[in-house]
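Shown here: input.tsv, TSV, C-alpha atoms.
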chain	number	residue	atom	x	y	z
C	136	MET	CA	14.16	-5.29	-42.50
C	137	GLN	CA	16.43	-2.28	-42.03
C	138	PRO	CA	17.10	0.05	-39.06
C	139	ALA	CA	14.66	2.95	-39.00
C	140	ALA	CA	15.37	4.91	-35.79
C	141	VAL	CA	17.95	5.35	-33.03
C	142	ILE	CA	16.96	5.91	-29.41
C	143	PHE	CA	19.43	7.08	-26.77
C	144	ASP	CA	19.40	6.72	-23.02
C	145	MET	CA	20.68	9.89	-21.33
C	146	ASP	CA	22.19	9.39	-17.85
C	147	GLY	CA	25.37	7.36	-18.15
C	148	THR	CA	25.10	7.16	-21.94
C	149	LEU	CA	25.18	10.78	-23.08
C	150	THR	CA	25.77	12.56	-19.77
C	151	ASP	CA	28.17	11.52	-17.05
C	152	THR	CA	25.51	11.80	-14.36
C	153	GLU	CA	24.80	8.23	-13.26
C	154	ALA	CA	27.37	8.44	-10.47
C	155	VAL	CA	25.97	11.83	-9.41
C	156	TRP	CA	22.55	10.27	-8.79
C	157	ASP	CA	24.28	7.77	-6.51
C	158	VAL	CA	26.19	10.45	-4.63
C	159	VAL	CA	23.01	12.48	-4.08
C	160	ARG	CA	20.99	9.49	-2.86
C	161	ARG	CA	23.76	8.24	-0.59
C	162	GLY	CA	24.04	11.75	0.82
C	163	LEU	CA	20.39	11.72	1.80
C	164	ALA	CA	20.88	8.39	3.55
C	165	GLU	CA	24.01	9.62	5.32
C	166	ASP	CA	22.20	12.76	6.49
C	167	ALA	CA	19.55	10.49	8.01
C	168	GLY	CA	22.18	8.33	9.73
C	169	LEU	CA	21.46	5.32	7.54
C	170	ALA	CA	23.85	2.73	6.15
C	171	TRP	CA	23.67	2.22	2.39
C	172	PRO	CA	22.24	-1.26	1.62
C	173	ASP	CA	24.20	-3.63	-0.58
C	174	GLY	CA	22.85	-3.61	-4.12
C	175	ALA	CA	20.78	-0.46	-3.68
C	176	THR	CA	22.74	1.51	-6.26
C	177	GLN	CA	22.34	-1.11	-8.97
C	178	ALA	CA	18.68	-1.69	-8.12
C	179	MET	CA	17.74	1.95	-8.68
C	180	MET	CA	19.61	2.43	-11.94
C	181	GLY	CA	16.88	2.84	-14.55
C	182	MET	CA	13.94	3.03	-12.15
C	183	SER	CA	11.35	5.76	-12.67
C	184	THR	CA	11.06	8.56	-10.12
C	185	ALA	CA	8.08	6.94	-8.41
C	186	GLU	CA	9.94	3.63	-8.22
C	187	TRP	CA	13.29	4.84	-6.91
C	188	SER	CA	11.75	7.28	-4.43
C	189	THR	CA	9.65	4.45	-3.01
C	190	PHE	CA	12.79	2.30	-2.86
C	191	LEU	CA	14.62	5.03	-0.93
C	192	VAL	CA	11.86	5.07	1.67
C	193	GLU	CA	10.98	1.39	1.89
C	194	GLU	CA	14.38	-0.25	1.33
C	195	VAL	CA	16.92	2.38	2.36
C	196	GLY	CA	14.73	3.73	5.14
C	197	LEU	CA	14.68	7.48	4.50
C	198	PRO	CA	12.40	9.09	7.11
C	199	MET	CA	10.17	10.84	4.59
C	200	THR	CA	7.48	10.07	2.06
C	201	PRO	CA	8.39	8.99	-1.50
C	202	PRO	CA	7.33	12.38	-2.92
C	203	GLU	CA	9.57	14.11	-0.37
C	204	ALA	CA	12.47	11.80	-1.23
C	205	ALA	CA	11.93	12.48	-4.93
C	206	ARG	CA	11.79	16.24	-4.41
C	207	ALA	CA	14.96	16.31	-2.30
C	208	THR	CA	16.87	14.21	-4.82
C	209	ILE	CA	15.69	16.09	-7.90
C	210	GLU	CA	16.44	19.47	-6.34
C	211	LYS	CA	20.04	18.40	-5.74
C	212	MET	CA	20.29	16.96	-9.27
C	213	ALA	CA	18.88	20.16	-10.75
C	214	GLN	CA	21.57	22.13	-8.91
C	215	HIS	CA	24.18	19.86	-10.49
C	216	HIS	CA	22.67	20.43	-13.94
C	217	ARG	CA	22.73	24.19	-13.43
C	218	GLU	CA	26.41	24.01	-12.55
C	219	GLY	CA	27.12	22.23	-15.83
C	220	ILE	CA	26.68	18.69	-17.11
C	221	THR	CA	29.73	16.60	-17.94
C	222	LEU	CA	29.22	14.86	-21.27
C	223	LEU	CA	30.59	11.46	-22.15
C	224	PRO	CA	33.10	11.26	-25.01
C	225	GLY	CA	31.50	11.80	-28.40
C	226	ALA	CA	27.97	12.24	-27.03
C	227	VAL	CA	26.73	15.25	-28.99
C	228	GLU	CA	28.61	14.19	-32.10
C	229	ALA	CA	27.04	10.71	-31.97
C	230	VAL	CA	23.50	12.07	-31.66
C	231	ARG	CA	24.02	14.46	-34.56
C	232	ARG	CA	25.72	11.78	-36.65
C	233	MET	CA	22.82	9.38	-36.18
C	234	ALA	CA	20.34	12.18	-36.93
C	235	GLU	CA	21.86	12.55	-40.40
C	236	LYS	CA	20.14	9.27	-41.32
C	237	TYR	CA	17.56	8.35	-38.65
C	238	PRO	CA	14.88	9.96	-36.49
C	239	ILE	CA	16.21	10.27	-32.95
C	240	ALA	CA	14.62	9.97	-29.50
C	241	ILE	CA	15.77	9.93	-25.90
C	242	VAL	CA	14.31	7.58	-23.29
C	243	SER	CA	15.43	8.42	-19.77
C	244	SER	CA	14.53	7.54	-16.22
C	245	SER	CA	15.15	11.17	-15.27
C	246	PRO	CA	12.12	13.37	-14.65
C	247	ARG	CA	11.04	15.66	-17.48
C	248	VAL	CA	12.67	18.76	-15.95
C	249	LEU	CA	16.10	17.10	-15.96
C	250	ILE	CA	15.70	15.65	-19.46
C	251	ASP	CA	14.82	19.08	-20.80
C	252	ALA	CA	17.78	20.62	-18.97
C	253	GLY	CA	20.10	17.97	-20.34
C	254	VAL	CA	18.88	18.40	-23.90
C	255	GLU	CA	19.30	22.17	-23.61
C	256	SER	CA	22.78	21.82	-22.15
C	257	MET	CA	23.84	19.49	-24.97
C	258	GLY	CA	22.25	21.69	-27.62
C	259	ILE	CA	20.61	18.78	-29.43
C	260	GLY	CA	16.95	19.72	-29.27
C	261	ASP	CA	16.89	20.54	-32.97
C	262	VAL	CA	17.62	16.93	-33.99
C	263	LEU	CA	15.31	15.14	-31.56
C	264	THR	CA	11.93	13.87	-32.72
C	265	ALA	CA	10.81	12.73	-29.26
C	266	THR	CA	11.88	12.49	-25.63
C	267	VAL	CA	10.31	10.16	-23.09
C	268	SER	CA	10.64	10.14	-19.32
C	269	THR	CA	9.73	6.84	-17.71
C	270	GLU	CA	7.66	8.98	-15.33
C	271	GLU	CA	5.30	9.35	-18.28
C	272	VAL	CA	4.69	5.61	-18.76
C	273	GLU	CA	3.35	2.97	-16.43
C	274	ARG	CA	6.63	1.22	-15.62
C	275	GLY	CA	10.27	2.24	-15.61
C	276	LYS	CA	13.29	0.32	-16.82
C	277	PRO	CA	13.89	-2.67	-16.98
C	278	GLU	CA	10.32	-2.88	-18.24
C	279	PRO	CA	9.93	-1.96	-21.94
C	280	ASP	CA	7.30	0.78	-21.55
C	281	GLY	CA	9.53	3.79	-22.17
C	282	TYR	CA	11.12	2.36	-25.29
C	283	LEU	CA	7.80	1.23	-26.66
C	284	ARG	CA	6.40	4.72	-26.15
C	285	ALA	CA	9.36	6.25	-27.97
C	286	ALA	CA	8.86	3.92	-30.92
C	287	GLU	CA	5.20	4.91	-30.98
C	288	LEU	CA	6.09	8.61	-31.01
C	289	LEU	CA	8.62	8.02	-33.76
C	290	GLY	CA	6.09	6.06	-35.80
C	291	VAL	CA	8.51	3.14	-36.11
C	292	GLU	CA	8.13	-0.55	-35.27
C	293	PRO	CA	10.18	-1.36	-32.14
C	294	SER	CA	11.97	-4.14	-34.01
C	295	LYS	CA	13.38	-1.52	-36.39
C	296	CYS	CA	14.80	0.62	-33.58
C	297	VAL	CA	18.32	0.63	-32.21
C	298	ALA	CA	18.70	1.59	-28.54
C	299	VAL	CA	21.97	2.99	-27.20
C	300	GLU	CA	22.35	2.19	-23.51
C	301	ASP	CA	24.88	1.83	-20.72
C	302	ALA	CA	23.27	0.17	-17.69
C	303	THR	CA	21.75	-3.23	-17.01
C	304	ASN	CA	18.16	-2.09	-16.49
C	305	GLY	CA	18.24	0.06	-19.60
C	306	ILE	CA	19.63	-2.73	-21.74
C	307	LEU	CA	17.00	-5.15	-20.45
C	308	SER	CA	14.28	-2.56	-21.10
C	309	ALA	CA	15.28	-2.12	-24.74
C	310	VAL	CA	15.71	-5.86	-25.29
C	311	ALA	CA	12.25	-6.46	-23.80
C	312	ALA	CA	10.87	-3.91	-26.27
C	313	GLY	CA	12.29	-5.99	-29.11
C	314	MET	CA	15.02	-3.56	-30.08
C	315	ARG	CA	18.62	-4.14	-31.04
C	316	VAL	CA	20.93	-2.62	-28.45
C	317	VAL	CA	24.32	-0.97	-28.69
C	318	ALA	CA	25.93	-0.85	-25.25
C	319	VAL	CA	28.55	1.58	-24.01
C	320	PRO	CA	29.40	-0.05	-20.66
C	321	PRO	CA	30.37	2.41	-17.92
C	322	HIS	CA	33.13	2.00	-15.38
C	323	PHE	CA	30.44	2.74	-12.77
C	324	HIS	CA	28.68	-0.60	-12.09
C	325	PRO	CA	29.00	-2.09	-15.61
C	326	PRO	CA	26.50	-4.73	-16.69
C	327	ALA	CA	27.32	-8.40	-16.24
C	328	ASP	CA	28.59	-10.42	-19.19
C	329	ASP	CA	25.28	-12.24	-19.67
C	330	VAL	CA	23.55	-8.88	-20.14
C	331	LEU	CA	26.18	-7.53	-22.52
C	332	GLU	CA	25.92	-10.70	-24.60
C	333	GLN	CA	22.49	-9.44	-25.70
C	334	THR	CA	24.06	-6.29	-27.16
C	335	THR	CA	26.73	-5.02	-29.50
C	336	VAL	CA	29.37	-3.46	-27.25
C	337	ILE	CA	31.37	-0.36	-28.17
C	338	GLU	CA	34.01	1.44	-26.13
C	339	THR	CA	32.77	5.01	-26.62
C	340	LEU	CA	30.11	6.83	-28.59
C	341	ASN	CA	32.80	7.75	-31.10
C	342	ASP	CA	32.40	4.17	-32.32
C	343	LEU	CA	28.68	4.62	-33.03
C	344	THR	CA	28.70	4.94	-36.81
C	345	HIS	CA	26.22	4.46	-39.63
C	346	GLU	CA	28.21	1.41	-40.68
C	347	LEU	CA	27.91	-0.14	-37.22
C	348	ILE	CA	24.14	0.39	-37.16
C	349	ALA	CA	23.73	-1.11	-40.63
C	350	GLU	CA	25.79	-4.17	-39.70
C	351	LEU	CA	23.99	-5.08	-36.46
C	352	PRO	CA	22.84	-8.73	-36.46
C	353	GLY	CA	19.38	-9.48	-37.83
C	354	TRP	CA	18.92	-6.84	-40.49
C	355	THR	CA	17.96	-7.90	-44.00
C	356	PRO	CA	20.93	-7.16	-46.27
C	357	SER	CA	20.39	-4.16	-48.54
C	358	ALA	CA	19.83	-4.93	-52.20

Hey, can you dump this file as structure tokens for me?
Amino acid sequence: MQPAAVIFDMDGTLTDTEAVWDVVRRGLAEDAGLAWPDGATQAMMGMSTAEWSTFLVEEVGLPMTPPEAARATIEKMAQHHREGITLLPGAVEAVRRMAEKYPIAIVSSSPRVLIDAGVESMGIGDVLTATVSTEEVERGKPEPDGYLRAAELLGVEPSKCVAVEDATNGILSAVAAGMRVVAVPPHFHPPADDVLEQTTVIETLNDLTHELIAELPGWTPSA
């Protein structure tokens, strides 16, 4: 068995936006006079819009409905995107490098409007075969639904896919889908060691090479 596709997470993997989500959500809580609960940031990393907006209302206590919390958050994130997305080192180059050999997809917990804006900002739409928002599947990360849907759209068995992720819930999602995972741990709430042990860890996307993909554990050696 050989690798047949590469699937990227977006926030925190390609774009330096994971911390921005946290700033926006904390700002909503602060505006409502609420303290930020311990563990709330980590809990929401990777959740779908329906999941994290419900969390903001039920666990953080925002005085609004989940759709209102989602709308307020996404509007502020969209403003950030319009002002310009900061890319992580080697992001665009890594996507294009992988596309030289493999079909490419993105699986993100961002809503469709932000995925499309991110893809446009990065200028990588021409090399993507599919993009999936976890809003479009039943369950968000850490459940495998988004990655399984991407594999389906790519026409590739999940076991032949390599996922490139940064955060705990994303890693667990890809592992649950049966994929091999390359992790680029962030400085912002990095995964615990027991999570990273399930991955191949690289320092930056500049280290994501064809040779690395081919040498991931479990592939059948080429003849």

request  = Provide the atom CA of Ala204 of chain C to atom CA of Leu283 of chain C distance in Å, to one decimal place.
outcome  = 27.9 Å

ask   = Quick one: distance from atom CA of Leu347 of chain C to atom CA of Gly290 of chain C in Å, one decimal?
value =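 Distance between the two atoms: 22.7 Å.
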
request  = Write out as a PyMOL selection string the residues lying within 9 Å of segment 169-178 of chain C, counting only C-alpha atoms and excluding same-chain residues fewer than 3 positions away.
outcome  = chain C and resi 157+160-161+163-166+181-182+187+190-191+194-197+302-304+324

ask   = Which residue gives the smallest distance to Pro277 of chain C among C:Pro293, C:Gly313, C:Gly305, C:Gly260, with only C-alpha atoms counted?
value =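 Answer, going by the shortest atom-to-atom distance: C:Gly305.
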
task = May I have the residues within 12 Å of Val267 of chain C as a PyMOL selection string, using only C-alpha atoms and disregarding those fewer than 6 positions away in the same chain?
result = chain C and resi 142-145+183+239-251+254+275+280-289
